[in-house]
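run07.csv, holding CSV, C-alpha atoms:
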chain,number,residue,atom,x,y,z
J,152,MET,CA,129.2,29.9,-78.4
J,153,LYS,CA,126.1,30.2,-76.2
J,154,HIS,CA,126.4,31.0,-72.5
J,155,ARG,CA,125.5,27.9,-70.7
J,156,ILE,CA,123.4,28.2,-67.5
J,157,VAL,CA,122.9,25.0,-65.5
J,158,VAL,CA,120.4,24.9,-62.7
J,159,LEU,CA,120.8,22.1,-60.2
J,160,GLY,CA,117.5,21.2,-58.6
J,161,ALA,CA,113.9,22.0,-59.7
J,162,GLY,CA,112.3,22.8,-56.4
J,163,TYR,CA,110.4,26.0,-55.6
J,164,ALA,CA,113.6,28.1,-56.1
J,165,GLY,CA,115.3,26.2,-58.9
J,166,ALA,CA,112.3,25.9,-61.1
J,167,TYR,CA,111.5,29.6,-60.8
J,168,VAL,CA,115.0,30.7,-61.6
J,169,ALA,CA,115.3,28.4,-64.6
J,170,GLY,CA,112.0,29.5,-66.2
J,171,THR,CA,112.6,33.2,-65.5
J,172,LEU,CA,116.1,33.2,-67.0
J,173,ALA,CA,114.8,31.4,-70.1
J,174,ARG,CA,112.1,34.0,-70.6
J,175,ARG,CA,114.3,37.0,-69.9
J,176,LEU,CA,117.4,36.0,-71.9
J,177,SER,CA,117.7,35.5,-75.6
J,178,ALA,CA,117.8,31.9,-76.7
J,179,ALA,CA,120.3,33.0,-79.4
J,180,ASP,CA,122.8,33.8,-76.7
J,181,THR,CA,121.9,31.5,-73.8
J,182,GLU,CA,121.2,27.8,-73.1
J,183,VAL,CA,119.3,27.0,-69.8
J,184,THR,CA,119.5,23.4,-68.5
J,185,VAL,CA,117.8,22.0,-65.4
J,186,VAL,CA,119.2,18.9,-63.7
J,187,ASN,CA,116.7,17.1,-61.4
J,188,ALA,CA,116.6,13.6,-60.1
J,189,GLU,CA,112.8,13.3,-60.5
J,190,PRO,CA,110.7,14.1,-63.6
J,191,ASP,CA,107.9,15.7,-61.5
J,192,PHE,CA,107.7,18.8,-59.4
J,193,VAL,CA,107.5,17.9,-55.7
J,194,GLN,CA,105.3,20.0,-53.5
J,195,ARG,CA,107.5,19.8,-50.4
J,196,LEU,CA,105.1,22.0,-48.4
J,197,ARG,CA,102.5,19.2,-48.7
J,198,LEU,CA,104.7,16.1,-48.1
J,199,HIS,CA,103.2,15.6,-44.6
J,200,GLN,CA,99.8,15.5,-46.3
J,201,LEU,CA,101.1,12.9,-48.8
J,202,ALA,CA,102.4,10.8,-46.0
J,203,ALA,CA,99.1,11.0,-44.2
J,204,GLY,CA,97.3,9.5,-47.2
J,205,GLN,CA,96.1,12.4,-49.2
J,206,GLU,CA,96.6,12.8,-53.0
J,207,ILE,CA,98.9,15.6,-53.9
J,208,ALA,CA,99.5,17.0,-57.3
J,209,ALA,CA,102.9,16.5,-58.9
J,210,PRO,CA,103.0,18.2,-62.3
J,211,ALA,CA,105.5,17.0,-64.8
J,212,LEU,CA,108.6,19.3,-65.1
J,213,SER,CA,108.4,18.9,-68.8
J,214,GLU,CA,105.0,20.6,-68.7
J,215,ILE,CA,106.1,23.3,-66.4
J,216,PHE,CA,109.0,24.2,-68.7
J,217,ALA,CA,107.0,23.8,-71.9
J,218,GLY,CA,107.5,26.9,-74.1
J,219,THR,CA,110.3,28.3,-72.0
J,220,ALA,CA,113.3,26.7,-74.0
J,221,VAL,CA,114.5,25.2,-70.8
J,222,ARG,CA,116.3,21.9,-71.3
J,223,LEU,CA,115.3,19.2,-68.7
J,224,ARG,CA,118.0,16.7,-67.8
J,225,PRO,CA,116.6,13.9,-65.5
J,226,ALA,CA,119.7,12.9,-63.5
J,227,ARG,CA,121.1,12.9,-60.0
J,228,VAL,CA,123.9,15.4,-59.2
J,229,THR,CA,127.0,13.5,-57.8
J,230,ALA,CA,129.6,16.3,-57.8
J,231,VAL,CA,130.4,19.8,-58.7
J,232,GLU,CA,133.9,20.9,-59.9
J,233,PRO,CA,133.8,24.7,-60.0
J,234,GLU,CA,137.4,25.1,-61.0
J,235,ARG,CA,136.7,23.2,-64.2
J,236,ARG,CA,133.1,24.5,-64.4
J,237,VAL,CA,131.7,21.0,-64.6
J,238,VAL,CA,128.9,19.1,-62.9
J,239,ALA,CA,129.0,15.3,-62.6
J,240,VAL,CA,125.7,13.5,-62.8
J,241,ALA,CA,124.3,9.9,-62.7
J,242,GLU,CA,121.8,9.3,-65.5
J,243,ALA,CA,118.6,7.3,-64.9
J,244,ASP,CA,120.3,4.2,-66.2
J,245,GLY,CA,123.2,4.6,-63.8
J,246,THR,CA,125.7,5.8,-66.3
J,247,ALA,CA,128.0,8.8,-65.4
J,248,ALA,CA,128.2,12.0,-67.4
J,249,GLU,CA,129.5,15.6,-67.1
J,250,LEU,CA,127.9,18.9,-68.0
J,251,GLY,CA,129.9,22.1,-68.6
J,252,TYR,CA,128.6,25.4,-67.5
J,253,ASP,CA,129.4,29.1,-67.6
J,254,THR,CA,126.9,30.1,-64.9
J,255,LEU,CA,125.7,27.6,-62.3
J,256,VAL,CA,122.6,27.9,-60.1
J,257,TYR,CA,122.9,25.5,-57.1
J,258,ALA,CA,119.4,24.7,-55.8
J,259,LEU,CA,119.6,21.2,-54.4
J,260,GLY,CA,117.6,22.0,-51.3
J,261,SER,CA,117.9,20.1,-48.0
J,262,HIS,CA,117.0,16.7,-46.5
J,263,GLY,CA,116.1,15.4,-43.0
J,264,ALA,CA,119.0,15.6,-40.6
J,265,ARG,CA,119.0,12.3,-38.7
J,266,HIS,CA,122.3,10.6,-39.3
J,267,ALA,CA,123.9,11.9,-36.1
J,268,VAL,CA,121.5,9.8,-33.9
J,269,PRO,CA,122.2,6.1,-33.9
J,270,GLY,CA,119.5,4.1,-35.8
J,271,ALA,CA,117.7,7.1,-37.2
J,272,ALA,CA,118.9,6.6,-40.7
J,273,GLU,CA,118.0,2.9,-40.6
J,274,TYR,CA,114.7,2.8,-38.8
J,275,ALA,CA,113.1,6.3,-38.9
J,276,PHE,CA,110.9,7.7,-41.7
J,277,ASP,CA,110.8,11.4,-42.7
J,278,VAL,CA,108.8,13.7,-45.0
J,279,SER,CA,111.7,15.7,-46.5
J,280,ALA,CA,111.4,14.1,-49.9
J,281,ARG,CA,108.6,12.4,-51.9
J,282,PRO,CA,110.1,8.9,-51.9
J,283,SER,CA,110.5,9.0,-48.1
J,284,ALA,CA,107.0,10.4,-47.6
J,285,LEU,CA,105.6,7.6,-49.7
J,286,ARG,CA,107.5,5.0,-47.7
J,287,LEU,CA,105.9,6.5,-44.5
J,288,ARG,CA,102.5,6.4,-46.2
J,289,GLU,CA,103.0,2.7,-47.1
J,290,ARG,CA,103.9,2.0,-43.5
J,291,LEU,CA,100.8,3.8,-42.1
J,292,ASP,CA,98.7,1.9,-44.6
J,293,GLY,CA,100.1,-1.3,-43.4
J,294,LEU,CA,99.3,-0.4,-39.8
J,295,ALA,CA,95.7,0.4,-40.8
J,296,ARG,CA,95.4,-3.0,-42.6
J,297,GLN,CA,96.4,-4.8,-39.4
J,298,GLY,CA,93.2,-3.6,-37.8
J,299,VAL,CA,94.8,-2.5,-34.5
J,300,GLY,CA,95.8,0.9,-33.4
J,301,GLY,CA,99.4,1.5,-34.4
J,302,ARG,CA,101.7,3.8,-32.5
J,303,VAL,CA,103.3,6.7,-34.5
J,304,LEU,CA,106.1,8.7,-32.9
J,305,VAL,CA,107.0,12.1,-34.4
J,306,VAL,CA,110.4,13.3,-33.2
J,307,GLY,CA,110.9,17.1,-33.4
J,308,ASP,CA,108.5,19.9,-32.7
J,309,GLY,CA,109.6,22.3,-35.4
J,310,LEU,CA,107.1,23.3,-38.0
J,311,THR,CA,107.5,20.1,-39.9
J,312,GLY,CA,107.0,17.9,-36.8
J,313,ILE,CA,104.0,19.8,-35.7
J,314,GLU,CA,102.3,19.6,-39.2
J,315,THR,CA,103.2,16.0,-39.6
J,316,ALA,CA,101.8,14.9,-36.2
J,317,THR,CA,98.6,16.8,-36.5
J,318,GLU,CA,98.0,15.8,-40.1
J,319,ILE,CA,98.5,12.1,-39.4
J,320,ALA,CA,96.3,12.3,-36.3
J,321,GLU,CA,93.4,14.0,-38.3
J,322,SER,CA,93.7,11.8,-41.4
J,323,ARG,CA,94.2,8.5,-39.5
J,324,PRO,CA,92.2,8.7,-36.3
J,325,GLY,CA,92.8,5.0,-35.6
J,326,LEU,CA,96.5,5.6,-34.9
J,327,SER,CA,98.0,6.7,-31.7
J,328,VAL,CA,100.3,9.8,-32.4
J,329,THR,CA,102.9,11.1,-30.0
J,330,LEU,CA,104.9,14.3,-30.6
J,331,VAL,CA,108.3,14.5,-28.9
J,332,ALA,CA,109.6,18.0,-28.2
J,333,ARG,CA,113.1,18.6,-27.0
J,334,GLY,CA,112.0,21.7,-25.1
J,335,VAL,CA,108.6,23.4,-24.7
J,336,LEU,CA,106.1,22.7,-27.4
J,337,GLY,CA,105.9,25.6,-29.9
J,338,ALA,CA,108.8,27.4,-28.3
J,339,THR,CA,109.1,29.8,-31.3
J,340,LEU,CA,105.5,30.9,-30.9
J,341,SER,CA,103.8,33.5,-28.8
J,342,ALA,CA,102.1,32.5,-25.5
J,343,GLY,CA,98.7,32.7,-27.1
J,344,ALA,CA,99.7,30.7,-30.2
J,345,ARG,CA,101.3,28.0,-27.9
J,346,ARG,CA,98.0,27.7,-26.0
J,347,HIS,CA,96.1,27.2,-29.3
J,348,LEU,CA,98.6,24.6,-30.5
J,349,ARG,CA,98.2,22.7,-27.2
J,350,ARG,CA,94.4,22.7,-27.6
J,351,ALA,CA,94.7,21.5,-31.2
J,352,CYS,CA,96.9,18.6,-30.1
J,353,ASP,CA,94.4,17.7,-27.4
J,354,ARG,CA,91.5,17.9,-29.8
J,355,LEU,CA,93.2,15.6,-32.3
J,356,GLY,CA,94.4,13.2,-29.7
J,357,VAL,CA,98.2,13.9,-30.1
J,358,THR,CA,100.1,13.1,-27.0
J,359,VAL,CA,102.9,15.6,-26.4
J,360,ARG,CA,106.1,14.8,-24.5
J,361,GLU,CA,108.1,17.9,-23.7
J,362,HIS,CA,111.7,18.2,-22.6
J,363,THR,CA,112.5,14.8,-24.1
J,364,GLU,CA,115.7,14.1,-26.1
J,365,VAL,CA,115.8,11.0,-28.3
J,366,VAL,CA,119.3,9.5,-28.4
J,367,ALA,CA,118.7,6.3,-30.3
J,368,VAL,CA,116.2,4.8,-32.7
J,369,GLU,CA,115.5,1.1,-33.0
J,370,ALA,CA,113.0,-0.9,-35.0
J,371,ALA,CA,110.1,-0.8,-32.5
J,372,HIS,CA,111.1,2.0,-30.1
J,373,VAL,CA,113.3,4.9,-29.3
J,374,ARG,CA,115.6,5.5,-26.4
J,375,CYS,CA,115.6,8.9,-24.6
J,376,ALA,CA,118.4,10.7,-22.8
J,377,ASP,CA,116.7,10.1,-19.4
J,378,GLY,CA,116.6,6.3,-20.0
J,379,THR,CA,112.9,6.3,-21.1
J,380,VAL,CA,111.9,3.9,-23.8
J,381,LEU,CA,109.1,4.9,-26.1
J,382,GLN,CA,107.4,2.2,-28.2
J,383,ALA,CA,106.7,3.0,-31.8
J,384,ASP,CA,105.4,1.1,-34.8
J,385,ALA,CA,106.6,4.0,-37.0
J,386,THR,CA,109.1,6.7,-36.0
J,387,VAL,CA,109.0,9.9,-38.0
J,388,TRP,CA,112.2,12.0,-37.8
J,389,SER,CA,111.7,15.7,-38.2
J,390,ALA,CA,114.4,17.1,-35.8
J,391,GLY,CA,116.0,19.5,-38.3
J,392,PHE,CA,117.3,19.6,-41.8
J,393,ALA,CA,120.7,19.3,-43.5
J,394,VAL,CA,122.1,20.0,-46.9
J,395,SER,CA,124.2,17.8,-49.3
J,396,SER,CA,127.9,17.7,-48.9
J,397,ILE,CA,128.4,18.2,-52.7
J,398,ALA,CA,129.1,21.9,-52.4
J,399,ALA,CA,131.7,21.5,-49.7
J,400,ALA,CA,133.4,18.6,-51.5
J,401,GLY,CA,133.6,20.7,-54.6
J,402,GLY,CA,135.6,23.4,-52.8
J,403,LEU,CA,132.9,26.1,-52.6
J,404,ASP,CA,133.0,28.3,-49.5
J,405,VAL,CA,130.4,26.9,-47.1
J,406,THR,CA,129.2,27.3,-43.5
J,407,GLU,CA,129.8,24.7,-40.9
J,408,ASP,CA,126.5,23.0,-41.8
J,409,GLY,CA,127.4,22.9,-45.5
J,410,ARG,CA,125.3,25.8,-46.9
J,411,ILE,CA,127.0,27.9,-49.6
J,412,THR,CA,128.0,31.4,-48.4
J,413,VAL,CA,126.6,34.0,-50.8
J,414,ASP,CA,126.6,37.8,-51.1
J,415,ARG,CA,123.5,40.0,-51.4
J,416,ALA,CA,123.1,38.9,-55.1
J,417,MET,CA,123.1,35.2,-54.0
J,418,ARG,CA,126.5,34.8,-55.6
J,419,SER,CA,129.1,32.4,-54.1
J,420,VAL,CA,131.7,34.4,-52.2
J,421,SER,CA,134.4,32.0,-53.4
J,422,HIS,CA,133.3,31.3,-57.0
J,423,PRO,CA,131.6,34.1,-58.9
J,424,ASP,CA,130.2,31.8,-61.6
J,425,VAL,CA,128.1,30.0,-59.0
J,426,TYR,CA,124.8,31.2,-57.4
J,427,ALA,CA,123.0,29.4,-54.6
J,428,VAL,CA,119.3,29.7,-53.8
J,429,GLY,CA,116.8,28.1,-51.4
J,430,ASP,CA,117.7,26.0,-48.4
J,431,CYS,CA,121.3,25.3,-49.5
J,432,ALA,CA,122.2,29.1,-49.5
J,433,PHE,CA,123.5,30.9,-46.5
J,434,ALA,CA,122.0,34.3,-47.2
J,435,ILE,CA,121.7,37.2,-44.8
J,436,GLY,CA,118.2,38.8,-44.7
J,437,ASP,CA,117.3,42.5,-44.4
J,438,ASN,CA,117.2,42.1,-40.6
J,439,GLY,CA,120.8,41.1,-40.5
J,440,ARG,CA,120.0,37.4,-39.7
J,441,PRO,CA,120.5,34.3,-41.8
J,442,LEU,CA,117.3,33.5,-43.8
J,443,PRO,CA,115.7,30.3,-42.4
J,444,MET,CA,115.2,27.2,-44.5
J,445,SER,CA,111.7,27.8,-45.9
J,446,CYS,CA,109.5,28.2,-49.0
J,447,ALA,CA,109.5,32.0,-48.5
J,448,SER,CA,113.3,32.1,-48.4
J,449,ALA,CA,113.3,30.0,-51.6
J,450,GLY,CA,111.2,32.6,-53.3
J,451,TYR,CA,113.2,35.6,-52.1
J,452,THR,CA,116.6,34.0,-53.0
J,453,GLY,CA,115.3,32.7,-56.3
J,454,ARG,CA,114.1,36.1,-57.4
J,455,GLN,CA,117.3,37.8,-56.3
J,456,ALA,CA,119.5,35.3,-58.2
J,457,ALA,CA,117.4,35.7,-61.4
J,458,GLU,CA,117.7,39.5,-61.1
J,459,ALA,CA,121.5,39.3,-60.5
J,460,ILE,CA,122.2,36.8,-63.3
J,461,THR,CA,120.2,38.9,-65.8
J,462,ALA,CA,121.9,42.1,-64.7
J,463,ARG,CA,125.4,40.5,-65.1
J,464,LEU,CA,124.9,38.9,-68.4
J,465,THR,CA,123.1,41.9,-70.0
J,466,GLY,CA,125.6,44.5,-68.9
J,467,ARG,CA,123.6,46.3,-66.2
J,468,LYS,CA,125.8,47.9,-63.6
J,469,ALA,CA,124.2,46.3,-60.6
J,470,PRO,CA,121.3,43.9,-60.0
J,471,LYS,CA,118.0,45.1,-58.5
J,472,ASN,CA,117.8,44.2,-54.8
J,473,VAL,CA,114.9,42.0,-53.9
J,474,LYS,CA,113.5,42.3,-50.4
J,475,LEU,CA,114.9,39.5,-48.2
J,476,GLY,CA,112.4,39.4,-45.3
J,477,TYR,CA,111.2,37.1,-42.7
J,478,LEU,CA,107.6,37.9,-41.6
J,479,GLY,CA,106.5,34.8,-39.6
J,480,ASN,CA,105.5,31.2,-39.5
J,481,HIS,CA,102.5,29.6,-41.1
J,482,ILE,CA,101.6,26.2,-39.6
J,483,SER,CA,98.8,23.9,-40.6
J,484,LEU,CA,97.2,21.8,-37.9
J,485,GLY,CA,95.3,19.4,-40.1
J,486,ARG,CA,93.0,20.6,-42.9
J,487,ARG,CA,90.7,22.8,-40.7
J,488,ASP,CA,93.0,24.5,-38.3
J,489,GLY,CA,96.2,26.5,-38.3
J,490,ILE,CA,98.4,29.2,-36.9
J,491,LEU,CA,99.9,32.3,-38.5
J,492,GLN,CA,102.6,33.7,-36.1
J,493,ILE,CA,104.0,37.2,-36.9
J,494,VAL,CA,107.5,37.9,-35.9
J,495,ASP,CA,109.4,41.2,-35.3
J,496,HIS,CA,112.6,42.5,-36.9
J,497,GLU,CA,114.7,40.3,-34.7
J,498,ALA,CA,112.6,37.2,-35.7
J,499,ARG,CA,111.0,37.1,-32.2
J,500,PRO,CA,107.3,36.2,-32.1
J,501,LYS,CA,104.9,39.1,-31.6
J,502,PRO,CA,101.9,38.7,-29.4
J,503,THR,CA,99.8,39.0,-32.6
J,504,TYR,CA,98.8,35.8,-34.2
J,505,MET,CA,95.9,34.2,-36.1
J,506,ALA,CA,94.5,30.8,-35.4
J,507,GLY,CA,91.7,28.5,-36.4
J,508,ARG,CA,89.9,28.0,-39.8
J,509,LYS,CA,90.9,31.4,-41.1
J,510,ALA,CA,94.5,30.7,-40.5
J,511,ALA,CA,94.1,27.3,-42.2
J,512,ARG,CA,92.5,28.9,-45.3
J,513,ILE,CA,95.4,31.4,-45.5
J,514,LYS,CA,98.0,28.7,-45.2
J,515,GLU,CA,96.2,26.7,-47.9
J,516,ALA,CA,96.1,29.8,-50.2
J,517,ILE,CA,99.9,30.3,-49.7
J,518,VAL,CA,100.6,26.7,-50.6
J,519,ARG,CA,98.4,26.9,-53.7
J,520,MET,CA,100.0,30.1,-54.8
J,521,SER,CA,103.5,28.6,-54.3
J,522,LEU,CA,102.5,25.8,-56.7
J,523,TRP,CA,101.0,28.1,-59.2
J,524,GLY,CA,104.0,30.4,-59.1
J,525,THR,CA,106.4,27.5,-59.6
J,526,SER,CA,104.2,26.0,-62.4
J,527,HIS,CA,104.1,29.4,-64.2
J,528,PRO,CA,107.7,30.7,-63.7
J,529,THR,CA,107.4,33.2,-66.5
J,530,PHE,CA,104.2,34.9,-65.4
J,531,GLY,CA,104.8,38.7,-65.1
J,532,VAL,CA,108.2,38.5,-66.8
J,533,PRO,CA,108.4,40.8,-69.8
J,534,GLN,CA,108.1,39.1,-73.2
J,535,ARG,CA,111.2,40.9,-74.4
J,536,ARG,CA,114.3,38.7,-74.2
J,537,HIS,CA,117.6,40.5,-73.7
J,538,ARG,CA,120.7,39.8,-75.7
J,539,LEU,CA,123.9,39.2,-73.8
J,540,THR,CA,126.7,41.7,-73.6
J,541,GLY,CA,130.5,41.3,-73.4
J,542,ALA,CA,130.7,43.8,-70.5
J,543,PRO,CA,129.1,42.3,-67.4
J,544,TYR,CA,129.6,44.3,-64.2
J,545,ALA,CA,133.0,44.2,-62.5
J,546,PRO,CA,133.0,41.1,-60.4
J,547,ASP,CA,132.7,38.8,-63.5
J,548,THR,CA,135.4,40.4,-65.6
J,549,ALA,CA,138.1,38.0,-64.3
J,550,HIS,CA,136.1,34.9,-65.3
J,551,ALA,CA,135.9,34.5,-69.0
J,552,PRO,CA,133.9,31.6,-70.6
J,553,HIS,CA,135.6,28.4,-71.6
J,554,GLY,CA,138.3,28.8,-74.2
J,555,GLY,CA,139.7,31.9,-72.5
J,556,GLU,CA,137.8,34.3,-74.8
J,557,THR,CA,135.3,36.9,-73.5
J,558,ALA,CA,131.9,37.0,-75.2
J,559,ARG,CA,131.5,39.4,-78.1
J,560,PRO,CA,129.6,42.6,-77.2
J,561,ARG,CA,126.0,42.5,-78.3
J,562,ALA,CA,123.3,45.1,-78.4
J,563,HIS,CA,120.3,44.6,-76.2
J,564,GLY,CA,117.5,43.0,-78.1
Do you think you could lay out the structure here as structure tokens?
Amino acid sequence: MKHRIVVLGAGYAGAYVAGTLARRLSAADTEVTVVNAEPDFVQRLRLHQLAAGQEIAAPALSEIFAGTAVRLRPARVTAVEPERRVVAVAEADGTAAELGYDTLVYALGSHGARHAVPGAAEYAFDVSARPSALRLRERLDGLARQGVGGRVLVVGDGLTGIETATEIAESRPGLSVTLVARGVLGATLSAGARRHLRRACDRLGVTVREHTEVVAVEAAHVRCADGTVLQADATVWSAGFAVSSIAAAGGLDVTEDGRITVDRAMRSVSHPDVYAVGDCAFAIGDNGRPLPMSCASAGYTGRQAAEAITARLTGRKAPKNVKLGYLGNHISLGRRDGILQIVDHEARPKPTYMAGRKAARIKEAIVRMSLWGTSHPTFGVPQRRHRLTGAPYAPDTAHAPHGGETARPRAHG
């Protein structure tokens, strides 16, 4: 019986892990299946551009996985039952089904965290997923067709909020854009980078409201903690991200915010058959701090999981450790401006930063490379596919495949 590897989610991390494992492991011994709700790859790093009205590539996952032996299952994950090693899904036609697995890679990512604020879920837009970004785009198109300057309010001054506000302001100069910051604008940046950010907002006509906390969202305005009411024809919520409750509901060990607790190999500390990568993993970086939710973290954790799974299934004593670093923040300020902020070992901003057109070009190159790397998940991976062994390293020996039998020993191919 083949060892069944199921990957939940085909974002930057999930797509890479699936393609890499399919290339590294012999198809005679393994079966790799990817479950994803959408048939196309979503460039999450560009969703603020999509919302602003730009055309963004969305390559078909079937094309990305062509030639890799990865099986694509278009479906929405509804539950995980790690004790039974089963994943419940809803098919495109709404019917329910179950998939069994021997190794599970959980890569369902994150979504906008807005449900704690009254009205945010009902009235606010976000750019955390392609459907929601397209809904915002449709709303902005409608405001443009009205022929009068609409008011767009972006709540949250993290990287997503800053990029969304500046992108909309540049792409749609007829709209009035306001960015609401709970504290100081660009608080995670150095003093010089903050000054550049402020100048960019001024240049693009983005109004900034600092030290403002939104406590309720309504159809045409938001209410602030100090009693202020801010009018808005479109409110964009970008005040943080959250993960699905599926992992917690399934009994996996998770943090307070629902992320799966993993060891250095990206392996669940409670269920050794489960690996978590990307935003939904609570992984400690080389600096001793949790990795932030970011594309870079998706790359690091994805590579580590692929190394660890390959090592376990092919009998290597321990997986190769991939560097888990956090070098800094890359922020686009429209298409012709940006900021690259370098951080120290404690994740504090260094005085050193880059800004302007050069920073924008570097950010664009990073985004392009992220898409290319995801679309070519097997690039650089040896052509040789390894056979599985019946003697994976120690942590897995207590977890035999279904049926209670351990896999028969095999020689490496």
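With CA of Tyr504 in chain J on one side and CA of Leu484 in chain J on the other, the separation reads 14.6 Å.
Excluding His496 in chain J itself and same-chain residues fewer than 6 positions from it, the residues having an atom within 12 Å of it are Gly436, Asp437, Asn438, Gly439, Arg440, Leu475, Gly476, Tyr477, Leu478 and Gly479 of chain J, counting all atoms listed in the file.
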Handout entry: Two-atom distance - CA of Asp377 in chain J, CA of Gly307 in chain J (Å)
Key = 16.7 Å
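Nearest to Ala416 in chain J of all the residues J:Val185, J:Ala164, J:Ala457, J:Ala400 is J:Ala457, counting only C-alpha atoms.
We find CA of Leu491 in chain J and CA of Lys509 in chain J to be spaced 9.4 Å apart.
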Problem - range 191-202 of chain J environment, 9 Å, all atoms listed in the file, sequence neighbours closer than 2 positions dropped, as an MDAnalysis selection string - result: chainID J and resid 161:163 166 187 189 204:213 215 277:281 283:289 291 311:312 314:316 318:319 322 446 485 518 521:522 525:526
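Distances to Ala456 in chain J were evaluated for J:Val366, J:Val473, J:Ala399, J:Leu326 using only C-alpha atoms, and the minimum falls at J:Val473.
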Exercise for the section: Could you give me, as a PyMOL selection string, the residues that sit within 10 Å of (114.3, 33.9, -66.4) in the file's coordinates, counting only C-alpha atoms? Expected result: chain J and resi 166-177+183+219+221+454+456-458+460-461+528-529+532-533+536
Keeping C-alpha atoms, export the residues of the selection given above as a PDB file, in the coordinates of the input.
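Written output follows (result24.pdb):
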ATOM      1  CA  ALA J 166     112.300  25.900 -61.100  1.00  0.00           C
ATOM      2  CA  TYR J 167     111.500  29.600 -60.800  1.00  0.00           C
ATOM      3  CA  VAL J 168     115.000  30.700 -61.600  1.00  0.00           C
ATOM      4  CA  ALA J 169     115.300  28.400 -64.600  1.00  0.00           C
ATOM      5  CA  GLY J 170     112.000  29.500 -66.200  1.00  0.00           C
ATOM      6  CA  THR J 171     112.600  33.200 -65.500  1.00  0.00           C
ATOM      7  CA  LEU J 172     116.100  33.200 -67.000  1.00  0.00           C
ATOM      8  CA  ALA J 173     114.800  31.400 -70.100  1.00  0.00           C
ATOM      9  CA  ARG J 174     112.100  34.000 -70.600  1.00  0.00           C
ATOM     10  CA  ARG J 175     114.300  37.000 -69.900  1.00  0.00           C
ATOM     11  CA  LEU J 176     117.400  36.000 -71.900  1.00  0.00           C
ATOM     12  CA  SER J 177     117.700  35.500 -75.600  1.00  0.00           C
ATOM     13  CA  VAL J 183     119.300  27.000 -69.800  1.00  0.00           C
ATOM     14  CA  THR J 219     110.300  28.300 -72.000  1.00  0.00           C
ATOM     15  CA  VAL J 221     114.500  25.200 -70.800  1.00  0.00           C
ATOM     16  CA  ARG J 454     114.100  36.100 -57.400  1.00  0.00           C
ATOM     17  CA  ALA J 456     119.500  35.300 -58.200  1.00  0.00           C
ATOM     18  CA  ALA J 457     117.400  35.700 -61.400  1.00  0.00           C
ATOM     19  CA  GLU J 458     117.700  39.500 -61.100  1.00  0.00           C
ATOM     20  CA  ILE J 460     122.200  36.800 -63.300  1.00  0.00           C
ATOM     21  CA  THR J 461     120.200  38.900 -65.800  1.00  0.00           C
ATOM     22  CA  PRO J 528     107.700  30.700 -63.700  1.00  0.00           C
ATOM     23  CA  THR J 529     107.400  33.200 -66.500  1.00  0.00           C
ATOM     24  CA  VAL J 532     108.200  38.500 -66.800  1.00  0.00           C
ATOM     25  CA  PRO J 533     108.400  40.800 -69.800  1.00  0.00           C
ATOM     26  CA  ARG J 536     114.300  38.700 -74.200  1.00  0.00           C
TER      27      ARG J 536
END
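Considering the residues J:Gln492, J:Thr317, J:Ser421, J:Ser395 and counting all atoms listed in the file, Ala344 in chain J has its shortest atom-to-atom contact with J:Gln492.
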Which protein, DNA or RNA residues are at most 6 Å from (117.2, 8.8, -66.5) in the file's coordinates when you count only C-alpha atoms, listed as a CSV table (one decimal) with C-alpha atoms, in the frame of the given file?
chain,number,residue,atom,x,y,z
J,225,PRO,CA,116.6,13.9,-65.5
J,226,ALA,CA,119.7,12.9,-63.5
J,242,GLU,CA,121.8,9.3,-65.5
J,243,ALA,CA,118.6,7.3,-64.9
J,244,ASP,CA,120.3,4.2,-66.2
Practice task
Write out as an MDAnalysis selection string which residues come within 7 Å of range 355-358 of chain J when counting only C-alpha atoms, dropping same-chain ones fewer than 2 positions away.
Solution key: chainID J and resid 317 320:321 328:330 351:353 360
Handout entry: Proximity to Ile513 in chain J - best of J:Gly260, J:Lys501, J:His527, J:Ile482, only C-alpha atoms
Key = J:Ile482
Exercise for the section: Pick out the residues sitting within 12 Å of Arg374 in chain J, and hand them over as a VMD selection string; count all atoms listed in the file, and ignore anything fewer than 3 positions along from it in its own chain. Expected result: chain J and resid 268 to 271 304 306 331 363 to 371 377 to 383 386
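Among the candidates J:Thr412, J:Ala506, J:Arg296, J:Leu442, the one nearest to Gly343 in chain J when counting all atoms listed in the file is J:Ala506.
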Problem - Residue nearest His372 in chain J - candidates J:Ala275, J:Val299, J:Met444, J:Ile493, atoms counted: only C-alpha atoms - result: J:Ala275
